[in-house]
$ cat coords.cif   # mmCIF, C-alpha atoms and all ligand atoms
data_my_file
#
loop_
_atom_site.label_atom_id
_atom_site.label_comp_id
_atom_site.auth_asym_id
_atom_site.auth_seq_id
_atom_site.Cartn_x
_atom_site.Cartn_y
_atom_site.Cartn_z
CA MET K 1 203.00 72.39 93.16
CA THR K 2 201.59 74.72 90.50
CA LEU K 3 199.42 73.77 87.56
CA TYR K 4 202.39 74.56 85.35
CA GLU K 5 204.50 71.99 87.20
CA LEU K 6 201.69 69.42 87.18
CA MET K 7 201.22 69.91 83.45
CA ALA K 8 204.88 68.97 82.89
CA ALA K 9 204.63 65.66 84.79
CA PRO K 10 206.00 62.81 82.67
CA GLY K 11 203.33 60.23 83.56
CA ARG K 12 199.75 60.54 84.63
CA ALA K 13 198.87 63.73 86.45
CA SER K 14 197.30 61.75 89.30
CA GLU K 15 200.59 59.95 89.96
CA ALA K 16 202.38 63.30 90.14
CA VAL K 17 199.79 64.55 92.65
CA LEU K 18 200.09 61.38 94.72
CA ASN K 19 203.88 61.48 94.81
CA ASP K 20 203.93 65.21 95.54
CA THR K 21 201.49 65.06 98.43
CA THR K 22 201.94 61.67 100.06
CA PRO K 23 205.03 59.77 101.29
CA PRO K 24 205.34 56.31 99.64
CA GLU K 25 204.52 54.47 102.88
CA GLU K 26 201.22 56.38 103.21
CA GLN K 27 200.03 56.11 99.62
CA SER K 28 198.20 52.84 100.05
CA ALA K 29 196.21 54.27 103.00
CA LEU K 30 195.38 57.38 100.99
CA LEU K 31 194.08 55.28 98.10
CA THR K 32 191.92 53.32 100.53
CA THR K 33 190.52 56.62 101.80
CA MET K 34 189.81 57.77 98.26
CA ARG K 35 188.02 54.48 97.53
CA GLY K 36 185.88 55.22 100.57
CA ARG K 37 185.11 58.74 99.31
CA LEU K 38 184.14 57.29 95.94
CA GLY K 39 181.83 54.85 97.71
CA GLU K 40 180.20 57.72 99.61
CA MET K 41 179.72 59.65 96.38
CA ARG K 42 178.13 56.64 94.72
CA SER K 43 175.87 56.08 97.69
CA ALA K 44 174.67 59.71 97.51
CA VAL K 45 174.00 59.30 93.79
CA ARG K 46 171.96 56.13 94.41
CA ARG K 47 169.89 57.67 97.25
CA GLY K 48 169.32 60.81 95.23
CA LEU K 49 168.07 58.90 92.19
CA GLU K 50 165.66 56.88 94.32
CA SER K 51 164.13 59.72 96.34
CA ASP K 52 161.62 62.36 95.42
CA ALA K 53 161.23 63.68 98.97
CA PRO K 54 161.25 67.46 98.94
CA SER K 55 163.83 69.47 100.81
CA ARG K 56 162.72 71.47 103.88
CA THR K 57 161.94 74.50 101.73
CA GLY K 58 160.08 72.44 99.14
CA MET K 59 162.04 74.00 96.29
CA VAL K 60 163.93 70.84 95.21
CA GLY K 61 164.08 67.10 95.88
CA TRP K 62 162.51 65.35 92.89
CA ASN K 63 164.55 66.68 89.97
CA ALA K 64 167.15 63.90 89.77
CA LYS K 65 164.61 61.08 90.03
CA THR K 66 162.33 62.73 87.49
CA LEU K 67 165.10 63.20 84.94
CA TRP K 68 166.43 59.69 85.54
CA GLU K 69 163.07 57.98 85.08
CA ARG K 70 161.71 59.97 82.15
CA PRO K 71 162.43 58.97 78.53
CA ASP K 72 165.39 60.69 76.94
CA PRO K 73 164.14 62.73 73.97
CA LEU K 74 167.67 63.71 72.95
CA GLY K 75 169.01 60.19 72.62
CA ALA K 76 171.98 61.30 74.68
CA PRO K 77 172.27 58.81 77.56
CA LEU K 78 175.63 60.14 78.76
CA LEU K 79 174.23 63.65 79.08
CA LYS K 80 171.20 62.43 80.99
CA ARG K 81 173.24 60.22 83.31
CA VAL K 82 175.78 62.93 84.16
CA GLN K 83 173.07 65.50 84.91
CA ALA K 84 170.93 63.09 86.93
CA TYR K 85 173.89 61.90 89.03
CA ALA K 86 174.95 65.49 89.75
CA MET K 87 171.47 66.59 90.83
CA ALA K 88 171.02 63.41 92.87
CA VAL K 89 173.97 64.39 95.06
CA ASN K 90 172.87 68.00 95.48
CA GLU K 91 169.30 67.02 96.29
CA GLU K 92 170.66 64.68 98.93
CA ASN K 93 172.59 67.68 100.25
CA ALA K 94 169.41 69.76 100.26
CA ARG K 95 167.69 67.00 102.27
CA MET K 96 170.61 67.08 104.72
CA GLY K 97 171.76 63.65 103.51
CA ARG K 98 175.38 62.50 103.58
CA ILE K 99 177.51 63.75 100.70
CA VAL K 100 181.20 64.37 99.98
CA ALA K 101 182.05 68.08 99.64
CA ALA K 102 183.90 68.36 96.33
CA PRO K 103 185.15 70.93 97.05
CA THR K 104 182.05 72.37 98.83
CA ALA K 105 178.61 71.00 99.66
CA GLY K 106 176.95 73.37 97.19
CA SER K 107 179.14 72.11 94.37
CA ALA K 108 179.24 68.48 95.56
CA GLY K 109 177.39 67.02 92.57
CA THR K 110 179.58 68.20 89.72
CA LEU K 111 182.52 65.84 90.27
CA PRO K 112 180.56 62.63 90.94
CA GLY K 113 178.10 63.57 88.20
CA ALA K 114 180.86 63.86 85.64
CA LEU K 115 183.32 61.21 86.85
CA ILE K 116 180.98 58.46 88.03
CA GLY K 117 178.52 59.32 85.28
CA VAL K 118 181.10 58.95 82.52
CA GLY K 119 182.60 55.90 84.26
CA ASP K 120 179.25 54.11 84.46
CA GLU K 121 178.16 55.04 80.97
CA LEU K 122 181.41 53.82 79.43
CA GLY K 123 181.75 50.72 81.62
CA PHE K 124 184.73 51.65 83.82
CA THR K 125 185.10 49.90 87.18
CA ASP K 126 185.23 51.94 90.39
CA ASP K 127 188.91 50.99 90.72
CA ALA K 128 189.59 52.90 87.50
CA LEU K 129 188.04 56.03 89.02
CA VAL K 130 190.26 56.17 92.10
CA MET K 131 193.36 57.76 90.56
CA PRO K 132 191.30 60.35 88.62
CA LEU K 133 189.71 61.19 91.97
CA VAL K 134 193.19 61.72 93.42
CA LEU K 135 193.89 64.10 90.54
CA ALA K 136 190.63 65.95 91.18
CA ALA K 137 191.67 66.45 94.81
CA GLY K 138 195.09 67.66 93.71
CA ILE K 139 193.60 70.18 91.29
CA GLY K 140 191.28 71.48 94.01
CA ASP K 141 194.21 71.76 96.40
CA ILE K 142 196.29 73.75 93.93
CA ILE K 143 193.42 76.12 93.15
CA SER K 144 192.75 76.64 96.86
CA GLN K 145 196.26 77.99 97.32
CA THR K 146 195.33 81.01 95.17
CA MET K 147 191.67 81.59 95.94
CA PHE K 148 189.25 80.96 98.80
CA ILE K 149 186.92 78.19 97.78
CA ALA K 150 183.59 79.60 98.94
CA GLY K 151 180.68 81.41 97.33
CA ALA K 152 180.92 83.94 100.14
CA SER K 153 184.41 84.94 99.08
CA GLY K 154 184.29 84.73 95.28
CA GLY K 155 180.76 83.99 94.10
CA CYS K 156 179.74 80.69 92.56
CA GLY K 157 182.83 80.79 90.38
CA ALA K 158 184.74 80.00 93.57
CA GLU K 159 182.66 76.87 94.18
CA ILE K 160 181.35 75.55 90.89
CA GLY K 161 184.52 76.77 89.12
CA PRO K 162 186.91 74.54 91.10
CA SER K 163 184.45 71.65 91.10
CA ALA K 164 184.16 71.80 87.30
CA ALA K 165 187.95 72.07 86.98
CA MET K 166 188.45 69.07 89.25
CA ALA K 167 185.85 67.07 87.33
CA ALA K 168 187.24 68.04 83.92
CA ALA K 169 190.76 66.92 84.84
CA ALA K 170 189.48 63.68 86.34
CA VAL K 171 187.36 62.77 83.31
CA CYS K 172 190.20 63.71 80.97
CA GLU K 173 192.59 61.39 82.77
CA LEU K 174 190.01 58.61 82.98
CA LEU K 175 189.72 58.74 79.20
CA GLY K 176 193.48 58.49 78.70
CA GLY K 177 194.46 62.15 78.74
CA SER K 178 198.04 63.18 79.51
CA ALA K 179 198.97 65.41 82.43
CA ARG K 180 199.08 68.38 80.07
CA GLN K 181 195.65 67.60 78.66
CA ALA K 182 194.15 67.09 82.12
CA VAL K 183 195.45 70.43 83.38
CA HIS K 184 194.22 72.23 80.27
CA ALA K 185 190.82 70.58 80.69
CA ALA K 186 190.73 72.00 84.22
CA ALA K 187 191.78 75.46 83.02
CA MET K 188 189.18 75.55 80.24
CA ALA K 189 186.46 74.47 82.66
CA LEU K 190 187.54 77.08 85.18
CA MET K 191 187.87 79.99 82.76
CA ASN K 192 184.33 79.49 81.60
CA THR K 193 182.90 79.89 85.08
CA ILE K 194 184.58 83.23 85.84
CA GLY K 195 182.10 85.81 87.11
CA LEU K 196 179.39 83.34 88.06
CA VAL K 197 177.47 84.88 90.95
CA CYS K 198 176.30 83.20 94.15
CA ASP K 199 172.63 84.07 94.68
CA PRO K 200 170.93 81.18 96.50
CA VAL K 201 167.22 81.76 96.93
CA GLY K 202 166.35 82.32 100.58
CA GLY K 203 169.97 81.61 101.45
CA PHE K 204 169.39 77.87 100.93
CA VAL K 205 171.79 75.81 98.83
CA GLU K 206 169.04 74.63 96.51
CA VAL K 207 168.10 77.14 93.79
CA PRO K 208 170.04 77.60 91.55
CA CYS K 209 172.57 75.21 93.09
CA VAL K 210 170.96 71.85 92.24
CA SER K 211 170.48 72.56 88.54
CA ARG K 212 173.78 74.42 88.42
CA ASN K 213 175.61 71.22 89.33
CA ALA K 214 173.81 69.43 86.51
CA PHE K 215 174.89 72.08 84.02
CA TYR K 216 178.49 72.25 85.20
CA SER K 217 178.98 68.49 85.30
CA VAL K 218 178.23 68.56 81.57
CA HIS K 219 180.51 71.58 81.23
CA ALA K 220 183.32 69.54 82.83
CA VAL K 221 182.80 66.66 80.42
CA ALA K 222 182.86 69.13 77.52
CA ALA K 223 186.14 70.60 78.76
CA ALA K 224 187.66 67.11 78.95
CA GLN K 225 186.48 66.39 75.42
CA LEU K 226 188.09 69.58 74.10
CA ALA K 227 191.36 68.84 75.88
CA LEU K 228 191.44 65.26 74.60
CA ALA K 229 191.07 66.65 71.08
CA GLY K 230 194.20 68.74 71.70
CA LEU K 231 192.59 72.09 72.47
CA GLU K 232 194.31 74.13 75.16
CA SER K 233 193.60 77.15 77.32
CA PHE K 234 195.20 80.17 75.62
CA ILE K 235 195.74 81.75 79.03
CA PRO K 236 198.19 79.62 81.07
CA PRO K 237 196.27 77.58 83.68
CA ASP K 238 197.82 79.24 86.75
CA GLU K 239 196.90 82.66 85.32
CA VAL K 240 193.33 81.48 84.84
CA VAL K 241 193.16 80.66 88.55
CA SER K 242 194.50 84.13 89.42
CA ALA K 243 191.94 85.75 87.11
CA MET K 244 189.17 83.75 88.74
CA ALA K 245 190.30 84.90 92.18
CA SER K 246 190.53 88.57 91.19
CA VAL K 247 187.08 88.58 89.54
CA GLY K 248 185.63 86.89 92.63
CA ARG K 249 187.04 89.63 94.84
CA LEU K 250 185.48 92.28 92.57
CA LEU K 251 181.97 90.88 92.95
CA PRO K 252 179.74 93.01 95.19
CA PRO K 253 178.70 91.46 98.52
CA GLU K 254 175.11 91.05 97.26
CA LEU K 255 176.37 88.43 94.81
CA ARG K 256 178.50 86.49 97.26
CA GLU K 257 176.19 84.11 99.12
CA THR K 258 174.34 86.76 101.08
CA GLY K 259 171.01 85.93 99.43
CA GLU K 260 170.53 89.64 98.67
CA GLY K 261 171.13 89.80 94.93
CA GLY K 262 170.45 88.01 91.66
CA LEU K 263 167.84 85.23 91.82
CA ALA K 264 167.52 85.69 95.58
CA ASP K 265 166.40 89.28 95.02
CA THR K 266 163.56 88.45 92.62
CA PRO K 267 159.94 88.73 93.86
CA THR K 268 159.77 84.93 94.11
CA GLY K 269 163.13 84.76 95.83
CA ARG K 270 162.09 87.35 98.40
CA ARG K 271 158.76 85.58 98.98
CA ILE K 272 160.52 82.27 99.70
CA ALA K 273 162.93 84.01 102.07
CA LEU K 274 160.01 85.56 103.93
CA GLN K 275 158.13 82.25 104.12
CA MET K 276 161.13 80.42 105.50
CA ALA K 277 161.83 83.17 108.03
CA LYS K 278 158.31 82.67 109.38
S1 LIG D 1 175.02 79.57 93.99
FE1 LIG D 1 176.26 79.87 95.85
S2 LIG D 1 175.51 78.37 97.33
FE2 LIG D 1 174.82 77.72 95.28
S3 LIG D 1 176.41 76.31 94.50
FE3 LIG D 1 176.93 78.38 93.77
S4 LIG D 1 178.34 79.16 95.34
FE4 LIG D 1 177.28 77.42 96.27
#
$ encode --input "coords.cif" --output "structure tokens"
Amino acid sequence: MTLYELMAAPGRASEAVLNDTTPPEEQSALLTTMRGRLGEMRSAVRRGLESDAPSRTGMVGWNAKTLWERPDPLGAPLLKRVQAYAMAVNEENARMGRIVAAPTAGSAGTLPGALIGVGDELGFTDDALVMPLVLAAGIGDIISQTMFIAGASGGCGAEIGPSAAMAAAAVCELLGGSARQAVHAAAMALMNTIGLVCDPVGGFVEVPCVSRNAFYSVHAVAAAQLALAGLESFIPPDEVVSAMASVGRLLPPELRETGEGGLADTPTGRRIALQMAK
């Protein structure tokens, strides 16, 4: 299935994904699996919000808890919740805790941050999040047929990009968006991550990865909001995916998860790499 075909689905986009990927007799088992994945995501969020234990490098580990427990000067509880949930998952990942790759470990916080964050803030039950999660998986699957989903192959745009697209579509559907709106939410989220480099400090999935998930979970919610207001990606969604893939291939190796460029190649980044090597 292409994004173009998914966009034309008559009902909810998640139903089209489910029917396209899973025989009727296996759908109930798949939904049970997705409920389990959602439970794992929620568990990672909870552990991450409760812990301030540093990661092995000492670069991250307390950010989610700190944000969650501090007063909110903006008066924007949704924003705070989405960011805290996203960082909670990625700090759990940095501590080698159990997380659900969505689609990768480095980008694992964006989807639960946006979907569970919006769900909790607006009072949705976990049952209501299951079909949007199916849609998120379907969007990730479609994108993966055009591009390798890995920072090593296409920079961070090939990790955070798909995760933000998956999250945007899921949030859009959760809030009543049509299949067309959900796919355009995904496309708008994806197009605005094109060219993002992968430059993890010391080669560890911590800096900038933890805060990046916080930022792009909000980005996904923003894309859903635009789509729900009727805004669409001017470039057709499947073409956006192709553009993302071609820009990823153009990135030099230093900016594709080698830890040799960008933030990793700053004096501080090099010092951390040296320390950890010792
Ligand atoms: S910077 Fe690299 S390692 Fe970190 S989330 Fe992005 S793609 Fe993954």
$ closest_residue --input "coords.cif" --among "K:Val118, K:Asn192, K:Gly138, K:Gly269" --to "Leu18 (chain K)" --atoms "all atoms listed in the file"
K:Gly138
$ closest_atom_pairs --input "coords.cif" --of "chain K" --to "ligand LIG 1 (chain D)" --cutoff "8 Å" --atoms "all atoms listed in the file" --output "CSV"
residue,atom,partner,partner_atom,distance
K:Thr104,CA,D:LIG1,FE4,7.4
K:Ala105,CA,D:LIG1,FE4,7.4
K:Gly106,CA,D:LIG1,S3,4.0
K:Ser107,CA,D:LIG1,S3,5.0
K:Ala150,CA,D:LIG1,S4,6.4
K:Gly151,CA,D:LIG1,S4,3.8
K:Ala152,CA,D:LIG1,S4,7.2
K:Gly155,CA,D:LIG1,S4,5.5
K:Cys156,CA,D:LIG1,S4,3.5
K:Gly157,CA,D:LIG1,S4,6.9
K:Ala158,CA,D:LIG1,S4,6.7
K:Glu159,CA,D:LIG1,S4,5.0
K:Ile160,CA,D:LIG1,FE3,6.0
K:Leu196,CA,D:LIG1,FE3,8.0
K:Val197,CA,D:LIG1,S1,6.6
K:Cys198,CA,D:LIG1,FE1,3.7
K:Asp199,CA,D:LIG1,S1,5.1
K:Pro200,CA,D:LIG1,S1,5.1
K:Gly203,CA,D:LIG1,S2,7.6
K:Phe204,CA,D:LIG1,S2,7.1
K:Val205,CA,D:LIG1,S2,4.8
K:Glu206,CA,D:LIG1,FE2,6.7
K:Val207,CA,D:LIG1,FE2,6.9
K:Pro208,CA,D:LIG1,S1,5.9
K:Cys209,CA,D:LIG1,FE2,4.0
K:Val210,CA,D:LIG1,S3,7.4
K:Arg212,CA,D:LIG1,S3,6.9
K:Asn213,CA,D:LIG1,S3,7.3
K:Arg256,CA,D:LIG1,FE1,7.1
K:Glu257,CA,D:LIG1,FE1,5.4
$ atom_distance --input "coords.cif" --atom1 "CA of Arg249 (chain K)" --atom2 "CA of Met188 (chain K)"
20.4 Å
$ atom_distance --input "coords.cif" --atom1 "CA of Met147 (chain K)" --atom2 "CA of Arg42 (chain K)"
28.4 Å
$ residues_around --input "coords.cif" --residues "Tyr216 (chain K)" --least-positions-apart "6" --cutoff "9 Å" --atoms "only C-alpha atoms" --output "list in words"
Gln83, Ala86, Thr110, Ala114, Ile160, Gly161, Ser163, Ala164, Ala189 and Thr193 of chain K
